[in-house]
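Containing mmCIF, C-alpha atoms and all ligand atoms: my_file_27.cif.
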```cif
data_structure
loop_
_atom_site.group_PDB
_atom_site.id
_atom_site.type_symbol
_atom_site.label_atom_id
_atom_site.label_comp_id
_atom_site.auth_asym_id
_atom_site.auth_seq_id
_atom_site.Cartn_x
_atom_site.Cartn_y
_atom_site.Cartn_z
ATOM 1 C CA MET A 299 0.000 0.000 0.000
ATOM 2 C CA LYS A 300 1.159 3.569 -0.744
ATOM 3 C CA GLU A 301 0.219 6.714 1.167
ATOM 4 C CA GLU A 302 -1.041 8.434 -1.998
ATOM 5 C CA GLU A 303 -3.671 5.681 -2.507
ATOM 6 C CA ILE A 304 -5.467 6.411 0.752
ATOM 7 C CA ARG A 305 -4.462 10.036 1.366
ATOM 8 C CA LYS A 306 -3.854 12.496 -1.472
ATOM 9 C CA ARG A 307 -0.937 14.775 -0.618
ATOM 10 C CA SER A 308 -2.545 17.901 -2.118
ATOM 11 C CA ALA A 309 -5.836 17.342 -0.242
ATOM 12 C CA PHE A 310 -3.970 16.599 2.989
ATOM 13 C CA ASN A 311 -1.978 19.840 2.727
ATOM 14 C CA ARG A 312 -5.121 21.880 2.001
ATOM 15 C CA TYR A 313 -6.789 20.241 5.025
ATOM 16 C CA LEU A 314 -3.853 21.271 7.248
ATOM 17 C CA GLU A 315 -4.125 24.873 5.963
ATOM 18 C CA LEU A 316 -7.836 24.959 6.828
ATOM 19 C CA ILE A 317 -7.094 23.644 10.311
ATOM 20 C CA ALA A 318 -4.626 26.498 10.806
ATOM 21 C CA GLU A 319 -7.399 28.963 9.819
ATOM 22 C CA ASP A 320 -9.876 27.307 12.205
ATOM 23 C CA VAL A 321 -7.329 27.541 14.986
ATOM 24 C CA ARG A 322 -7.269 31.323 14.539
ATOM 25 C CA THR A 323 -11.072 31.567 14.878
ATOM 26 C CA ILE A 324 -12.577 28.671 16.868
ATOM 27 C CA PHE A 325 -9.578 28.295 19.169
ATOM 28 C CA ALA A 326 -8.644 31.983 19.454
ATOM 29 C CA ASP A 327 -9.444 32.110 23.177
ATOM 30 C CA SER A 328 -6.773 29.872 24.670
ATOM 31 C CA GLY A 329 -7.905 30.983 28.147
ATOM 32 C CA SER A 330 -10.475 28.152 28.117
ATOM 33 C CA PHE A 331 -7.836 25.470 27.514
ATOM 34 C CA VAL A 332 -7.397 22.838 30.197
ATOM 35 C CA LYS A 333 -4.100 21.726 31.680
ATOM 36 C CA ILE A 334 -3.969 17.974 32.290
ATOM 37 C CA ASP A 335 -1.685 15.296 33.736
ATOM 38 C CA CYS A 336 -0.469 12.529 31.397
ATOM 39 C CA PRO A 337 -3.618 11.076 29.751
ATOM 40 C CA ALA A 338 -2.156 7.544 29.933
ATOM 41 C CA CYS A 339 -0.572 7.182 33.379
ATOM 42 C CA GLY A 340 -1.637 10.336 35.237
ATOM 43 C CA SER A 341 1.949 11.419 35.887
ATOM 44 C CA LYS A 342 2.712 15.082 36.455
ATOM 45 C CA LYS A 343 6.255 14.554 35.151
ATOM 46 C CA TYR A 344 6.219 15.692 31.540
ATOM 47 C CA ARG A 345 8.385 18.010 29.456
ATOM 48 C CA SER A 346 7.488 20.360 26.632
ATOM 49 C CA GLN A 347 8.885 19.149 23.307
ATOM 50 C CA PHE A 348 7.796 21.717 20.719
ATOM 51 C CA GLU A 349 4.984 24.047 19.667
ATOM 52 C CA LYS A 350 2.795 23.525 16.639
ATOM 53 C CA THR A 351 -0.106 25.623 15.287
ATOM 54 C CA GLY A 352 -0.118 27.454 18.620
ATOM 55 C CA PHE A 353 -0.308 24.316 20.803
ATOM 56 C CA THR A 354 2.363 22.771 23.017
ATOM 57 C CA LEU A 355 3.271 19.089 22.778
ATOM 58 C CA ALA A 356 4.446 17.468 26.023
ATOM 59 C CA LEU A 357 6.180 14.119 26.543
ATOM 60 C CA CYS A 358 5.457 12.061 29.660
ATOM 61 C CA GLN A 359 8.724 11.139 31.374
ATOM 62 C CA GLU A 360 7.123 8.077 32.915
ATOM 63 C CA CYS A 361 5.306 6.323 30.041
ATOM 64 C CA GLY A 362 6.454 8.130 26.881
ATOM 65 C CA THR A 363 3.012 9.373 25.813
ATOM 66 C CA LEU A 364 3.160 12.514 23.670
ATOM 67 C CA PHE A 365 0.190 14.821 24.237
ATOM 68 C CA VAL A 366 -1.150 18.320 23.638
ATOM 69 C CA ASN A 367 -1.124 20.269 26.899
ATOM 70 C CA PRO A 368 -2.957 22.490 27.702
ATOM 71 C CA ARG A 369 -5.785 21.308 25.427
ATOM 72 C CA PRO A 370 -9.138 22.706 24.269
ATOM 73 C CA PRO A 371 -12.217 21.669 26.280
ATOM 74 C CA GLY A 372 -14.560 19.034 24.798
ATOM 75 C CA ARG A 373 -17.214 21.616 23.880
ATOM 76 C CA LEU A 374 -14.826 23.563 21.617
ATOM 77 C CA LEU A 375 -13.675 20.341 19.982
ATOM 78 C CA ASN A 376 -17.316 19.414 19.294
ATOM 79 C CA ASP A 377 -17.861 22.780 17.574
ATOM 80 C CA PHE A 378 -14.715 22.226 15.582
ATOM 81 C CA TYR A 379 -15.739 18.754 14.366
ATOM 82 C CA THR A 380 -19.334 19.642 13.578
ATOM 83 C CA ARG A 381 -19.100 23.175 12.203
ATOM 84 C CA SER A 382 -15.623 24.059 10.973
ATOM 85 C CA ARG A 383 -14.516 24.469 7.358
ATOM 86 C CA SER A 384 -11.752 21.928 7.856
ATOM 87 C CA ALA A 385 -14.213 19.281 9.119
ATOM 88 C CA SER A 386 -16.445 19.770 6.082
ATOM 89 C CA PHE A 387 -13.425 19.631 3.769
ATOM 90 C CA PHE A 388 -12.298 16.426 5.463
ATOM 91 C CA VAL A 389 -15.570 14.652 4.679
ATOM 92 C CA HIS A 390 -16.142 15.941 1.136
ATOM 93 C CA ASP A 391 -12.714 16.589 -0.337
ATOM 94 C CA PHE A 392 -10.288 14.491 1.680
ATOM 95 C CA PHE A 393 -12.125 11.291 2.620
ATOM 96 C CA LYS A 394 -14.762 10.844 -0.132
ATOM 97 C CA PRO A 395 -12.341 10.591 -3.101
ATOM 98 C CA VAL A 396 -10.382 7.824 -1.357
ATOM 99 C CA ALA A 397 -13.290 6.139 0.449
ATOM 100 C CA GLU A 398 -13.474 3.130 -1.886
ATOM 101 C CA ALA A 399 -9.682 2.690 -1.815
ATOM 102 C CA ARG A 400 -9.865 2.768 1.986
ATOM 103 C CA ARG A 401 -12.671 0.231 1.974
ATOM 104 C CA GLU A 402 -10.519 -2.206 0.048
ATOM 105 C CA LYS A 403 -7.116 -1.518 1.647
ATOM 106 C CA ILE A 404 -8.122 -0.776 5.245
ATOM 107 C CA PHE A 405 -11.696 -1.656 6.224
ATOM 108 C CA ARG A 406 -12.048 -5.025 4.483
ATOM 109 C CA PRO A 407 -8.818 -6.404 6.020
ATOM 110 C CA ARG A 408 -9.998 -5.117 9.431
ATOM 111 C CA ALA A 409 -13.329 -6.904 9.061
ATOM 112 C CA GLU A 410 -11.480 -10.094 8.074
ATOM 113 C CA TYR A 411 -9.232 -9.778 11.118
ATOM 114 C CA ILE A 412 -12.290 -9.536 13.374
ATOM 115 C CA ARG A 413 -13.976 -12.510 11.660
ATOM 116 C CA ASP A 414 -10.837 -14.627 12.161
ATOM 117 C CA THR A 415 -10.042 -13.449 15.710
ATOM 118 C CA LEU A 416 -13.498 -13.285 17.321
ATOM 119 C CA PRO A 417 -15.621 -15.902 15.494
ATOM 120 C CA GLU A 418 -17.878 -16.290 18.559
ATOM 121 C CA LYS A 419 -19.286 -12.768 18.003
ATOM 122 C CA SER A 420 -20.720 -13.552 14.560
ATOM 123 C CA LYS A 421 -24.328 -13.246 15.742
ATOM 124 C CA GLY A 422 -23.746 -10.510 18.304
ATOM 125 C CA ILE A 423 -24.382 -6.782 18.595
ATOM 126 C CA ILE A 424 -21.520 -4.809 17.058
ATOM 127 C CA GLY A 425 -21.145 -1.039 17.453
ATOM 128 C CA ASP A 426 -18.698 1.185 15.557
ATOM 129 C CA ILE A 427 -17.945 4.427 17.415
ATOM 130 C CA GLY A 428 -17.443 7.285 14.942
ATOM 131 C CA ALA A 429 -18.755 5.089 12.126
ATOM 132 C CA GLY A 430 -18.396 7.823 9.470
ATOM 133 C CA PHE A 431 -19.520 6.425 6.112
ATOM 134 C CA GLY A 432 -20.228 3.018 7.684
ATOM 135 C CA LEU A 433 -17.527 1.302 5.615
ATOM 136 C CA PHE A 434 -16.307 -1.009 8.364
ATOM 137 C CA LEU A 435 -19.805 -2.155 9.358
ATOM 138 C CA GLU A 436 -20.723 -2.759 5.720
ATOM 139 C CA GLU A 437 -17.658 -4.923 5.244
ATOM 140 C CA LEU A 438 -18.257 -6.860 8.469
ATOM 141 C CA ARG A 439 -21.945 -7.359 7.551
ATOM 142 C CA LYS A 440 -20.835 -9.178 4.379
ATOM 143 C CA LEU A 441 -18.895 -11.627 6.574
ATOM 144 C CA TRP A 442 -21.383 -11.804 9.457
ATOM 145 C CA PRO A 443 -24.892 -11.361 7.991
ATOM 146 C CA SER A 444 -26.547 -12.480 11.248
ATOM 147 C CA ALA A 445 -24.893 -9.878 13.493
ATOM 148 C CA LYS A 446 -26.631 -6.624 14.381
ATOM 149 C CA MET A 447 -24.589 -3.630 13.152
ATOM 150 C CA VAL A 448 -24.948 -0.282 14.940
ATOM 151 C CA ALA A 449 -23.314 2.974 13.776
ATOM 152 C CA ILE A 450 -22.583 5.411 16.618
ATOM 153 C CA GLU A 451 -22.007 8.730 14.873
ATOM 154 C CA PRO A 452 -22.580 12.379 15.896
ATOM 155 C CA SER A 453 -22.454 13.963 12.415
ATOM 156 C CA ALA A 454 -25.996 14.340 10.985
ATOM 157 C CA GLU A 455 -24.712 14.032 7.436
ATOM 158 C CA GLU A 456 -22.842 10.795 8.092
ATOM 159 C CA VAL A 457 -25.784 9.370 10.071
ATOM 160 C CA GLU A 458 -27.888 9.751 6.898
ATOM 161 C CA ILE A 459 -25.254 7.929 4.853
ATOM 162 C CA CYS A 460 -25.258 5.052 7.382
ATOM 163 C CA LYS A 461 -29.076 4.892 7.384
ATOM 164 C CA GLU A 462 -29.175 4.702 3.591
ATOM 165 C CA LYS A 463 -26.936 1.653 3.880
ATOM 166 C CA GLY A 464 -29.491 0.009 6.182
ATOM 167 C CA LEU A 465 -27.384 0.296 9.329
ATOM 168 C CA GLU A 466 -29.011 0.930 12.694
ATOM 169 C CA THR A 467 -27.762 4.284 13.995
ATOM 170 C CA ILE A 468 -27.251 5.966 17.358
ATOM 171 C CA PRO A 469 -26.986 9.613 16.222
ATOM 172 C CA CYS A 470 -24.820 11.141 18.945
ATOM 173 C CA ALA A 471 -21.358 11.253 20.465
ATOM 174 C CA LEU A 472 -20.338 8.298 22.636
ATOM 175 C CA ASP A 473 -20.756 10.312 25.873
ATOM 176 C CA ASP A 474 -24.446 10.808 25.112
ATOM 177 C CA VAL A 475 -25.356 7.198 24.273
ATOM 178 C CA GLU A 476 -28.183 6.102 26.589
ATOM 179 C CA GLY A 477 -30.077 2.851 27.074
ATOM 180 C CA TRP A 478 -27.362 0.551 25.703
ATOM 181 C CA ASP A 479 -25.424 -0.331 28.883
ATOM 182 C CA GLY A 480 -24.219 -3.954 28.902
ATOM 183 C CA LYS A 481 -25.580 -4.581 25.387
ATOM 184 C CA PHE A 482 -22.598 -4.716 23.009
ATOM 185 C CA ASP A 483 -20.607 -7.860 22.202
ATOM 186 C CA LEU A 484 -18.021 -5.793 20.339
ATOM 187 C CA LEU A 485 -17.285 -2.081 20.088
ATOM 188 C CA THR A 486 -14.841 -0.743 17.529
ATOM 189 C CA SER A 487 -13.211 2.662 17.208
ATOM 190 C CA PHE A 488 -10.849 3.559 14.392
ATOM 191 C CA GLU A 489 -8.508 6.568 14.387
ATOM 192 C CA LEU A 490 -10.611 8.345 16.985
ATOM 193 C CA PHE A 491 -8.683 7.828 20.210
ATOM 194 C CA GLU A 492 -6.001 10.363 19.226
ATOM 195 C CA HIS A 493 -8.683 13.075 18.893
ATOM 196 C CA LEU A 494 -10.229 12.756 22.354
ATOM 197 C CA HIS A 495 -10.144 15.370 25.073
ATOM 198 C CA SER A 496 -10.404 12.590 27.670
ATOM 199 C CA PRO A 497 -9.353 9.059 26.586
ATOM 200 C CA ASP A 498 -9.974 7.873 30.147
ATOM 201 C CA GLU A 499 -13.660 8.878 30.115
ATOM 202 C CA PHE A 500 -14.043 7.332 26.680
ATOM 203 C CA LEU A 501 -12.809 3.950 27.966
ATOM 204 C CA LYS A 502 -15.023 4.157 31.061
ATOM 205 C CA LYS A 503 -18.084 4.686 28.843
ATOM 206 C CA ILE A 504 -17.104 1.784 26.579
ATOM 207 C CA TRP A 505 -16.685 -0.490 29.586
ATOM 208 C CA LYS A 506 -20.280 0.311 30.624
ATOM 209 C CA LEU A 507 -21.675 -0.342 27.148
ATOM 210 C CA LEU A 508 -19.982 -3.738 26.746
ATOM 211 C CA ARG A 509 -21.560 -6.889 28.077
ATOM 212 C CA PRO A 510 -19.331 -9.049 30.337
ATOM 213 C CA GLY A 511 -16.821 -10.765 28.043
ATOM 214 C CA GLY A 512 -17.406 -8.114 25.348
ATOM 215 C CA HIS A 513 -14.469 -6.847 23.294
ATOM 216 C CA LEU A 514 -13.080 -3.464 22.324
ATOM 217 C CA PHE A 515 -11.153 -3.236 19.060
ATOM 218 C CA LEU A 516 -9.274 0.031 18.725
ATOM 219 C CA THR A 517 -6.809 1.572 16.302
ATOM 220 C CA THR A 518 -4.858 4.732 16.993
ATOM 221 C CA GLN A 519 -1.501 6.382 16.362
ATOM 222 C CA ASN A 520 1.615 5.126 18.107
ATOM 223 C CA GLY A 521 3.793 8.069 19.189
ATOM 224 C CA GLU A 522 6.751 5.675 19.329
ATOM 225 C CA GLY A 523 6.187 4.686 15.702
ATOM 226 C CA PHE A 524 8.829 4.992 12.994
ATOM 227 C CA ASP A 525 7.616 7.952 10.917
ATOM 228 C CA ILE A 526 6.512 10.005 13.940
ATOM 229 C CA GLN A 527 9.843 9.417 15.697
ATOM 230 C CA ILE A 528 11.850 10.436 12.625
ATOM 231 C CA LEU A 529 9.745 13.409 11.547
ATOM 232 C CA TRP A 530 8.713 14.510 15.086
ATOM 233 C CA GLU A 531 7.586 18.170 14.935
ATOM 234 C CA LYS A 532 7.443 17.950 11.110
ATOM 235 C CA SER A 533 5.098 14.935 11.229
ATOM 236 C CA LYS A 534 1.723 15.713 9.660
ATOM 237 C CA SER A 535 0.144 13.246 12.089
ATOM 238 C CA ILE A 536 0.939 15.795 14.762
ATOM 239 C CA SER A 537 -1.500 18.512 13.719
ATOM 240 C CA PRO A 538 -3.154 19.957 16.833
ATOM 241 C CA PRO A 539 -5.931 20.393 17.742
ATOM 242 C CA VAL A 540 -6.905 17.459 15.500
ATOM 243 C CA HIS A 541 -4.700 14.901 17.213
ATOM 244 C CA LEU A 542 -4.181 15.405 20.945
ATOM 245 C CA ASN A 543 -2.903 12.015 22.169
ATOM 246 C CA PHE A 544 -0.063 9.831 20.927
ATOM 247 C CA PHE A 545 -0.052 6.738 23.094
ATOM 248 C CA ASN A 546 2.415 3.863 22.586
ATOM 249 C CA PRO A 547 2.077 0.080 23.049
ATOM 250 C CA GLY A 548 3.071 0.262 26.730
ATOM 251 C CA SER A 549 1.066 3.318 27.702
ATOM 252 C CA ILE A 550 -2.193 2.265 26.030
ATOM 253 C CA LYS A 551 -1.986 -1.109 27.800
ATOM 254 C CA ARG A 552 -1.485 0.725 31.077
ATOM 255 C CA LEU A 553 -4.562 2.937 30.609
ATOM 256 C CA LEU A 554 -6.754 0.020 29.517
ATOM 257 C CA GLU A 555 -5.709 -2.056 32.538
ATOM 258 C CA ALA A 556 -6.324 0.885 34.864
ATOM 259 C CA ASN A 557 -9.867 0.820 33.439
ATOM 260 C CA LYS A 558 -10.312 -2.902 34.234
ATOM 261 C CA PHE A 559 -9.860 -4.159 30.656
ATOM 262 C CA ILE A 560 -7.948 -7.363 29.931
ATOM 263 C CA VAL A 561 -5.569 -6.538 27.088
ATOM 264 C CA GLU A 562 -5.278 -9.394 24.586
ATOM 265 C CA THR A 563 -3.224 -7.858 21.771
ATOM 266 C CA VAL A 564 -1.295 -4.667 21.086
ATOM 267 C CA ASP A 565 0.461 -4.676 17.730
ATOM 268 C CA THR A 566 1.357 -2.252 14.955
ATOM 269 C CA PRO A 567 0.213 -3.587 11.570
ATOM 270 C CA GLY A 568 0.962 -0.270 9.781
ATOM 271 C CA LYS A 569 2.340 -0.389 6.251
ATOM 272 C CA LEU A 570 3.051 3.259 5.457
ATOM 273 C CA ASP A 571 5.835 4.385 7.809
ATOM 274 C CA TRP A 572 8.641 4.234 5.273
ATOM 275 C CA ASP A 573 6.484 5.669 2.485
ATOM 276 C CA ILE A 574 5.537 8.635 4.696
ATOM 277 C CA VAL A 575 9.182 9.397 5.567
ATOM 278 C CA GLU A 576 10.336 9.065 1.947
ATOM 279 C CA GLY A 577 7.413 11.201 0.733
ATOM 280 C CA MET A 578 8.251 14.004 3.161
ATOM 281 C CA TYR A 579 11.901 13.903 2.043
ATOM 282 C CA ARG A 580 11.254 13.775 -1.697
ATOM 283 C CA GLN A 581 8.101 15.856 -2.064
ATOM 284 C CA GLU A 582 8.416 18.350 0.770
ATOM 285 C CA GLY A 583 12.136 18.711 1.372
ATOM 286 C CA VAL A 584 12.120 17.494 4.990
ATOM 287 C CA ASP A 585 15.506 16.119 6.064
ATOM 288 C CA PRO A 586 15.054 12.713 7.772
ATOM 289 C CA GLY A 587 18.751 12.538 8.829
ATOM 290 C CA ARG A 588 21.801 11.021 7.171
ATOM 291 C CA LEU A 589 20.935 7.309 7.436
ATOM 292 C CA TRP A 590 17.397 7.648 6.121
ATOM 293 C CA ARG A 591 18.510 9.949 3.295
ATOM 294 C CA LEU A 592 20.904 7.184 2.309
ATOM 295 C CA VAL A 593 18.150 4.561 2.400
ATOM 296 C CA ALA A 594 15.802 6.800 0.381
ATOM 297 C CA ASP A 595 18.465 7.533 -2.235
ATOM 298 C CA LYS A 596 20.264 4.209 -2.570
ATOM 299 C CA ALA A 597 18.196 1.306 -1.246
ATOM 300 C CA GLY A 598 16.121 -0.702 -3.731
ATOM 301 C CA PRO A 599 12.407 -1.517 -3.462
ATOM 302 C CA ASP A 600 13.086 -4.889 -1.801
ATOM 303 C CA ALA A 601 15.215 -3.290 0.917
ATOM 304 C CA LYS A 602 12.522 -0.668 1.598
ATOM 305 C CA SER A 603 9.862 -3.334 1.708
ATOM 306 C CA SER A 604 11.827 -5.487 4.161
ATOM 307 C CA LEU A 605 12.489 -2.394 6.297
ATOM 308 C CA GLN A 606 8.716 -1.815 6.511
ATOM 309 C CA THR A 607 8.161 -5.482 7.428
ATOM 310 C CA TRP A 608 10.758 -5.171 10.190
ATOM 311 C CA ILE A 609 9.069 -1.979 11.499
ATOM 312 C CA THR A 610 5.659 -3.669 11.538
ATOM 313 C CA GLU A 611 6.795 -6.906 13.144
ATOM 314 C CA ASN A 612 8.706 -5.182 15.930
ATOM 315 C CA ASN A 613 5.801 -2.971 17.061
ATOM 316 C CA LEU A 614 7.493 0.145 15.700
ATOM 317 C CA SER A 615 4.882 1.300 13.193
ATOM 318 C CA SER A 616 2.957 4.461 13.989
ATOM 319 C CA HIS A 617 -0.338 2.674 13.250
ATOM 320 C CA MET A 618 -1.344 0.700 16.351
ATOM 321 C CA ARG A 619 -4.090 -1.874 16.884
ATOM 322 C CA ILE A 620 -5.465 -3.023 20.234
ATOM 323 C CA LEU A 621 -7.824 -5.821 21.214
ATOM 324 C CA ALA A 622 -9.075 -5.767 24.812
ATOM 325 C CA ARG A 623 -11.870 -7.457 26.707
ATOM 326 C CA LYS A 624 -14.169 -6.736 29.613
ATOM 327 C CA GLY A 625 -13.864 -9.506 32.214
ATOM 328 C CA LYS A 626 -16.849 -11.755 32.987
HETATM 329 ZN ZN ZN B 701 2.477 8.947 31.273
#
```
Can the structure in the file be given as structure tokens, please?
Amino acid sequence: MKEEEIRKRSAFNRYLELIAEDVRTIFADSGSFVKIDCPACGSKKYRSQFEKTGFTLALCQECGTLFVNPRPPGRLLNDFYTRSRSASFFVHDFFKPVAEARREKIFRPRAEYIRDTLPEKSKGIIGDIGAGFGLFLEELRKLWPSAKMVAIEPSAEEVEICKEKGLETIPCALDDVEGWDGKFDLLTSFELFEHLHSPDEFLKKIWKLLRPGGHLFLTTQNGEGFDIQILWEKSKSISPPVHLNFFNPGSIKRLLEANKFIVETVDTPGKLDWDIVEGMYRQEGVDPGRLWRLVADKAGPDAKSSLQTWITENNLSSHMRILARKGK
């Protein structure tokens, strides 16, 4: 897989420009921002690393989580995701043109992973938090026609898209879901965890919604992943206030266990780390350092491919996947 197939560089750059404009309007009053302790381990020992689009990134000295601090309150983030120009651009101009490519390259393999890993849930109640266009649930429904698929989605426009696909919908943010406690056999959440004001509250709510023995399947960014570590403040993944939390395999396990989850798997099946670093070097003139310049300039396709395999297999990709369970 190549980055350009699932994320067009020109659209991504325009999206980042719009975010910078939104920051100057929606987030102009930084007086309302909230100072927090480490969102993974609660430590007060963290150090500022750099500033980006007016926000400060801090690194926890105890668990290595990278996080925006201070951060906007939840209510401002809700405004941003429901009403801003960048949010609208994201849906129509960034995501839509690559939606079918993402279905094939990302959502179908995820649905197959769930079918193979959790076969006992094939007739259960499955909820996707932040379901968007409903691509994951559609793909899983093809594999598990007897399961009940529920899209949990706050955006009115995306709720309509999910309804048209015949999915049951809960049209609100996770915090506001009522009447479903103890009902879900499986809850999924893709690329949402990094956006949250409070990951801890999010996990507490999920725990309530799961039935005993129910699973949570989560994907998020790994702050200790290859491309983020090399690019650091130049990384486009770090684009506050869009992404606020960069957990790592150790720190996400710690937060899940503190919330009574049993963690079954934390791995990093990402495939794009090298392609992202090489793209930033070639297309945008970012210097990745002497060794990686050498690899970009002189290594052949097989060497780059085996480097990516090594990154993935050693839990060093910036795309992280977690499977956890609520005890019985
Ligand atoms: Zn920490």
Apply the PyMOL selection byres (((chain A and resi 342-350) around 12) and not hetatm) to the file shown and report the selected residues as a PDB file with C-alpha atoms, in the coordinates of the input.
```pdb
ATOM      1  CA  LEU A 314      -3.853  21.271   7.248  1.00  0.00           C
ATOM      2  CA  ILE A 317      -7.094  23.644  10.311  1.00  0.00           C
ATOM      3  CA  ALA A 318      -4.626  26.498  10.806  1.00  0.00           C
ATOM      4  CA  VAL A 321      -7.329  27.541  14.986  1.00  0.00           C
ATOM      5  CA  LYS A 333      -4.100  21.726  31.680  1.00  0.00           C
ATOM      6  CA  ILE A 334      -3.969  17.974  32.290  1.00  0.00           C
ATOM      7  CA  ASP A 335      -1.685  15.296  33.736  1.00  0.00           C
ATOM      8  CA  CYS A 336      -0.469  12.529  31.397  1.00  0.00           C
ATOM      9  CA  PRO A 337      -3.618  11.076  29.751  1.00  0.00           C
ATOM     10  CA  ALA A 338      -2.156   7.544  29.933  1.00  0.00           C
ATOM     11  CA  CYS A 339      -0.572   7.182  33.379  1.00  0.00           C
ATOM     12  CA  GLY A 340      -1.637  10.336  35.237  1.00  0.00           C
ATOM     13  CA  SER A 341       1.949  11.419  35.887  1.00  0.00           C
ATOM     14  CA  THR A 351      -0.106  25.623  15.287  1.00  0.00           C
ATOM     15  CA  GLY A 352      -0.118  27.454  18.620  1.00  0.00           C
ATOM     16  CA  PHE A 353      -0.308  24.316  20.803  1.00  0.00           C
ATOM     17  CA  THR A 354       2.363  22.771  23.017  1.00  0.00           C
ATOM     18  CA  LEU A 355       3.271  19.089  22.778  1.00  0.00           C
ATOM     19  CA  ALA A 356       4.446  17.468  26.023  1.00  0.00           C
ATOM     20  CA  LEU A 357       6.180  14.119  26.543  1.00  0.00           C
ATOM     21  CA  CYS A 358       5.457  12.061  29.660  1.00  0.00           C
ATOM     22  CA  GLN A 359       8.724  11.139  31.374  1.00  0.00           C
ATOM     23  CA  GLU A 360       7.123   8.077  32.915  1.00  0.00           C
ATOM     24  CA  CYS A 361       5.306   6.323  30.041  1.00  0.00           C
ATOM     25  CA  GLY A 362       6.454   8.130  26.881  1.00  0.00           C
ATOM     26  CA  THR A 363       3.012   9.373  25.813  1.00  0.00           C
ATOM     27  CA  LEU A 364       3.160  12.514  23.670  1.00  0.00           C
ATOM     28  CA  PHE A 365       0.190  14.821  24.237  1.00  0.00           C
ATOM     29  CA  VAL A 366      -1.150  18.320  23.638  1.00  0.00           C
ATOM     30  CA  ASN A 367      -1.124  20.269  26.899  1.00  0.00           C
ATOM     31  CA  PRO A 368      -2.957  22.490  27.702  1.00  0.00           C
ATOM     32  CA  TRP A 530       8.713  14.510  15.086  1.00  0.00           C
ATOM     33  CA  GLU A 531       7.586  18.170  14.935  1.00  0.00           C
ATOM     34  CA  LYS A 532       7.443  17.950  11.110  1.00  0.00           C
ATOM     35  CA  SER A 533       5.098  14.935  11.229  1.00  0.00           C
ATOM     36  CA  LYS A 534       1.723  15.713   9.660  1.00  0.00           C
ATOM     37  CA  SER A 535       0.144  13.246  12.089  1.00  0.00           C
ATOM     38  CA  ILE A 536       0.939  15.795  14.762  1.00  0.00           C
ATOM     39  CA  SER A 537      -1.500  18.512  13.719  1.00  0.00           C
ATOM     40  CA  PRO A 538      -3.154  19.957  16.833  1.00  0.00           C
ATOM     41  CA  PRO A 539      -5.931  20.393  17.742  1.00  0.00           C
ATOM     42  CA  VAL A 540      -6.905  17.459  15.500  1.00  0.00           C
ATOM     43  CA  HIS A 541      -4.700  14.901  17.213  1.00  0.00           C
ATOM     44  CA  LEU A 542      -4.181  15.405  20.945  1.00  0.00           C
TER      45      LEU A 542
END
```
- request: Go through the shown structure with the PyMOL selection byres (((chain A and resi 519-529) around 7) and not hetatm) and write out the matching residues as a PyMOL selection string.
  value: chain A and resi 363-364+492+518+530-533+544-546+571-572+574-575+586+614-618
Any chance you can output those residues with C-alpha atoms as a PDB file, keeping the file's coordinate frame?
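And here is the file that came out, again.pdb:
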```pdb
ATOM      1  CA  THR A 363       3.012   9.373  25.813  1.00  0.00           C
ATOM      2  CA  LEU A 364       3.160  12.514  23.670  1.00  0.00           C
ATOM      3  CA  GLU A 492      -6.001  10.363  19.226  1.00  0.00           C
ATOM      4  CA  THR A 518      -4.858   4.732  16.993  1.00  0.00           C
ATOM      5  CA  TRP A 530       8.713  14.510  15.086  1.00  0.00           C
ATOM      6  CA  GLU A 531       7.586  18.170  14.935  1.00  0.00           C
ATOM      7  CA  LYS A 532       7.443  17.950  11.110  1.00  0.00           C
ATOM      8  CA  SER A 533       5.098  14.935  11.229  1.00  0.00           C
ATOM      9  CA  PHE A 544      -0.063   9.831  20.927  1.00  0.00           C
ATOM     10  CA  PHE A 545      -0.052   6.738  23.094  1.00  0.00           C
ATOM     11  CA  ASN A 546       2.415   3.863  22.586  1.00  0.00           C
ATOM     12  CA  ASP A 571       5.835   4.385   7.809  1.00  0.00           C
ATOM     13  CA  TRP A 572       8.641   4.234   5.273  1.00  0.00           C
ATOM     14  CA  ILE A 574       5.537   8.635   4.696  1.00  0.00           C
ATOM     15  CA  VAL A 575       9.182   9.397   5.567  1.00  0.00           C
ATOM     16  CA  PRO A 586      15.054  12.713   7.772  1.00  0.00           C
ATOM     17  CA  LEU A 614       7.493   0.145  15.700  1.00  0.00           C
ATOM     18  CA  SER A 615       4.882   1.300  13.193  1.00  0.00           C
ATOM     19  CA  SER A 616       2.957   4.461  13.989  1.00  0.00           C
ATOM     20  CA  HIS A 617      -0.338   2.674  13.250  1.00  0.00           C
ATOM     21  CA  MET A 618      -1.344   0.700  16.351  1.00  0.00           C
TER      22      MET A 618
END
```
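Of the listed residues A:Val396, A:Tyr579, A:Asp320, A:Arg406, the one whose atoms come nearest to Leu374 of chain A is A:Asp320, with distances taken using only C-alpha atoms.
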query: Within 10 Å of segment 451-454 of chain A, counting only C-alpha atoms, which residues qualify if same-chain residues fewer than 4 places away don't, as a list of chain:residue names?
result: A:Asn376, A:Tyr379, A:Thr380, A:Arg381, A:Asp426, A:Ile427, A:Gly428, A:Ala429, A:Gly430, A:Phe431, A:Gly432, A:Glu458, A:Ile459, A:Cys460, A:Thr467, A:Ile468, A:Pro469, A:Cys470, A:Ala471, A:Leu472, A:Asp474
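Here the question is which of A:Thr486, A:Asn543, A:Ser330, A:Asn613 gets nearest to ligand ZN 701 (chain B) using only C-alpha atoms and all ligand atoms, and that residue is A:Asn543.
When all atoms listed in the file are used to compute distances to Ala556 of chain A, the closest of the residues A:Glu499, A:Leu508, A:Ala601, A:Ser386 turns out to be A:Glu499.
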